[in-house]
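Input: a single structure, listed below in structure tokens.
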Protein chains: 2
Amino acid sequence: MEHEKATDMEFMLKANLKCSGSLSEAVSSDELTEFVNYCNAELLKKGAPPGCGAEVVSWAIVADKLELEIVSDRFVRAHDALLRLKNEFGKFLGKHRIGIRGMEINDYEITMDWDTELKLKKLPFVKAIKQEAEKLKLFLDIDEFLLEKRIPDRIIKLLDDKKEAIKWKGKSEHWELLFESAKKPFHFDKDPTEEMAKRGWIRHAAGRGQFIYGPQSTKIFRAFERILVDEIFTPLGYEEMIFPKFVTWDVWKRSGHAKGIYPEAYYVCTPKTRDPEYWEEVIDYYKVTNEVPLDMIMERIENVGGMCYAQCPPSWVFLQGKTMPDDILPIKVFDRSGTSHRYESGGIHGIERLDEFHRVEILWMGTKEQVIAHSKQLQDTYRYIFNEILDIEWREAWVTPWFMAQEGKSGLSELKEVGTIDYEAVLPYSGKLLEFQNVSVNGDKYPKGFNVKLQSGEELWSGCSGVGLQRWTAVFLAQKGFDTDKWPEKFRTAVGELPEVFRFL
Amino acid sequence: MEHEKATDMEFMLKANLKCSGSLSEAVSSDELTEFVNYCNAELLKKGAPPGCGAEVVSWAIVADKLELEIVSDRFVRAHDALLRLKNEFGKFLGKHRIGIRGMEINDYEITMDWDTELKLKKLPFVKAIKQEAEKLKLFLDIDEFLLEKRIPDRIIKLLDDKKEAIKWKGKSEHWELLFESAKKPFHFDKDPTEEMAKRGWIRHAAGRGQFIYGPQSTKIFRAFERILVDEIFTPLGYEEMIFPKFVTWDVWKRSGHAKGIYPEAYYVCTPKTRDPEYWEEVIDYYKVTNEVPLDMIMERIENVGGMCYAQCPPSWVFLQGKTMPDDILPIKVFDRSGTSHRYESGGIHGIERLDEFHRVEILWMGTKEQVIAHSKQLQDTYRYIFNEILDIEWREAWVTPWFMAQEGKSGLSELKEVGTIDYEAVLPYSGKLLEFQNVSVNGDKYPKGFNVKLQSGEELWSGCSGVGLQRWTAVFLAQKGFDTDKWPEKFRTAVGELPEVFRFL
């Protein structure tokens, strides 16, 4: 790799090894010189290309401490060198009946090539950042505990991520056309959300990007679900499950969402205690002012996760840590037991872009071959549904995998079998394309994240497909309109009579 | 009322009326004496029984201020007296071309009879509390703004609430048997949650009181739903709606939940902004440490409401502020579109007491007569379902209305038509009774709270009934067990074959 040259990164570490007794009394200077020379010649070079590695450039004994200054390149990073040294010094001191009590990190500077435009203001465990002449210099603020947790390596990895993100920034997301339906007749040229609201089929709820669905729109949603049951779940052997709708951080750590979900999450917090006395002041304040004391509440709750965002991740806990016999594969399940929530960007988007939406999540797993084959089968079925039942105009595109996008990553997955197909349809009223569902092959990402194995030892793969009921509705009504006589007959039959329950003056 | 005697409450208020010019120059002492005498004789007595009301006990002019000391009983509370006085003094000063610029509240003490054991530590807008010899003395910390918002009255109302709560404390909740089914044969004596977990029908999810439901348990839930469809929704003319699942504070203020839900709510917070830069530090910290920085998150989010708790309240926004023609009544709708969440007390309760549960919410509205009549019809249908389809042993009891319980109130509603019937069934393995659903007539509470009217001007009433799918399952399996041959035939047919999808080593 082009970056793997010795000079692109320099490490300078000043640290002390604290010992259980006075070194100046117990160890001779000659012995120590010999020890350091050995380390510089062998221990701190091990595994590095010739001429590379780390080096102790100065050292001194002060009472019970060995003071060290270590410099290195990227091949044996100075903190790794220190850990090697600590270990070796421990053995060396053993014969003098002295032990190592700890490490003090005085200075740790990392200098690296930095040829991107990205300006860094703040980094975790970094007390100062200098950027000049295509060089980046970090002054770390770490201790023994953080060093042993390899925090310096993770800071460097973080910088790599940031560089990678910069490379993609500005470029549009990956998008590659896979299939395009025939042109279809459109029977409507207005915003379907406005029309639904006018007809009383929906009403904006109290929350941001949130609607209440009246009997007519709910009946359309349920017709979509029945189509899924009749065309996919029954013929392809799916069974229904109920996935959790509150998602803990542990799930999002395993699914990767903890890497990037933050700006879009609906956070869930629970009371620090349900002791009524703890809440009495809040209740009293509300009763006296008729205002909910949000500040008092924030002090009394703690964040434990968020509301369902991607739907399938929390279901993997069902399988977490388990091993399954291969003969039960492929497994096909779906969930339609609740809402998903995303803090979407502002502005009015109607039912096309919602904070609270309803999705049928389709999840299958098996060997790599089974998962890819089933993805193709699903794609065929969707084409049938969109062509023959909904009669809509749409297209399919190969895009950045959803799980990468949700982790804040761009680009494509490394494997060409793993990835996401987005289904897009034009909304005649705006001319814009709406992504209304996806089919994804997720590779072994989830089985690995949740430690699920096959008896045979073969890799377990999985795929998922999310059908957004509001998105299907938006596309269908935008293209086909509200005159049910103009709806394709199969869909009209599937929906049946639209119920009229409410009327207002 | 026995409390309405003049001596049970005393108010002492020291306040200044600040004017736009020097009073000592503009107004003669005689004029002022006459004004105060008039107020004491008439203005501050108006509406009070003879010998009662408020009185200015001392006053003085200092530059541009009228300094007042007002004492009163409960009939014209001193802060009301001050507001009357301010108004009248404004008129009086008009002829001298001086205006009133504001009020300064220096001291406000309220003394009242206090014969309960309740010790008060803290009250909103009260800087000190003295409790002695069956008297309670409050030293208020308020200003003009809070006085005009009638905060003193609300503090007194809060104390009344607390006294009321004390009266009920220790007493068990109201409970009155309405109906008891015949004894039924039990086919199981173990904890159904444990058995379901053992069979792989459910698995504890990552959250507190949260499960993932496998294909078998989901199929049982869906059979319950189909029974509701076949026995209630279709024959009784119900239509499905989709109610919001994130609930804003505004909804809970209108529904009354803001009065008491706090210790049990799952709180929802949204990002203060979705600007990626705002979240970069959080993401960096996670990437470097693999730990989610909860403190950093808490600083970046704000509480906006909670997760669905009682299910029907947020649906009322659909009707908020509307007037409906009477001829569309009664209206009957149901919602089964998502989860409900309650921060339940600790300990393991299995699927009997969950933090995350699934409920079909049944909501009807109409005139008082229609709502009561439909409640009876529903009760009859439930009896049929429990007797003829599920064949369980259960009973019905008249209890504290659910909306009062959820507002932190005890006792019964004032109207005997308004209230809640709880359905309880014994769990043979523990001998304990489980409340597994309810039927409630809520009177005009929700139409009033959300300002929904009828064209005729008649009162709109509503009722609701929540069917907890986990609770139905817990009761049925606890009584009837897992040997499907022993299940009542109608239910066995409704469920069909239990699917086997997963198997683990």
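Starting from 1 in every chain, residues are counted up; chains themselves are A, B, ... following the order of the structure tokens, and ligands are numbered from 1 as listed.
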
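Using only C-alpha atoms, the residues found no farther than 9 Å from stretch 145-153 of chain A, other than those of its own chain fewer than 2 positions away, are Arg77, His79, Asp80, Leu83, Ile105, Ile110, Phe125, Leu140, Ile142, Asp143, Ile155, Ile156, Lys157 and Leu158 of chain A; Val288 and Thr289 of chain B.
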
Where in stretch 55-267 of chain B does DSSP assign strand (DSSP E or B), given as a PyMOL selection string?
chain B and resi 55-62+65-72+100-113+126-132+135-140+175-180+202-204+211-213+239-240+242+246-248+267

Just list the residues in stretch 180-385 of chain B DSSP gives alpha helix (DSSP H) on the backbone, as a PyMOL selection string.
chain B and resi 192-198+215-228+249-255+276-289+294-300+368-384

Under the rule that only C-alpha atoms are counted, which of B:Ala81, B:Phe35, B:His96, B:Gly463 is the nearest residue to B:Leu23?
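Among the listed residues, the smallest separation from B:Leu23 belongs to B:His96.
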
Å distance separating atom CA of A:Ile227 from atom CA of A:Gly350, one decimal place
24.1 Å

Taking only C-alpha atoms into account, which of A:Arg342, A:Arg101, A:Arg226, A:His187 comes nearest A:Cys308?
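The closest residue to A:Cys308 is A:Arg342.
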
Just checking: using only C-alpha atoms, which residue out of B:Phe504, B:Trp472, B:Trp59, B:Phe233 ends up closest to chain A?
B:Phe504

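Reported to one decimal place, the separation of atom CA of A:Trp201 from atom CA of A:Phe188 is 17.0 Å.
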
For atom CA of B:Ile100 and atom CA of B:Lys86, quote the distance in Å rounded to one decimal.
7.8 Å

For stretch 495-499 of chain A: contacts at 12 Å, only C-alpha atoms, fewer than 3 positions along chain excluded, given as a VMD selection string
(chain A and resid 199 to 201 214 to 227 389 to 390 482 to 485 487 to 492 502 to 503) or (chain B and resid 237 to 241 331 to 333)

So that I can check the surroundings of A:Glu458, please list as an MDAnalysis selection string every protein, DNA and RNA residue that reaches within 12 Å of it, counting only C-alpha atoms and ignoring chain neighbours fewer than 3 positions away.
chainID A and resid 323:326 329 366:369 444 447 452:455 461

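For B:Thr33, the residues within 12 Å (counting only C-alpha atoms, excluding itself and residues fewer than 3 positions away along the chain) are B:Val27, B:Ser28, B:Ser29, B:Asp30, B:Val36, B:Asn37, B:Tyr38, B:Cys39, B:Asn40, B:Val56, B:Val57, B:Ser58, B:Trp59, B:Ala60, B:Ile61, B:Leu66.
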
With distances taken over only C-alpha atoms, which of A:Tyr423, A:Phe75, A:Tyr262, A:Tyr446 is nearest to chain B?
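Using only C-alpha atoms, chain B sits closest to A:Tyr262.
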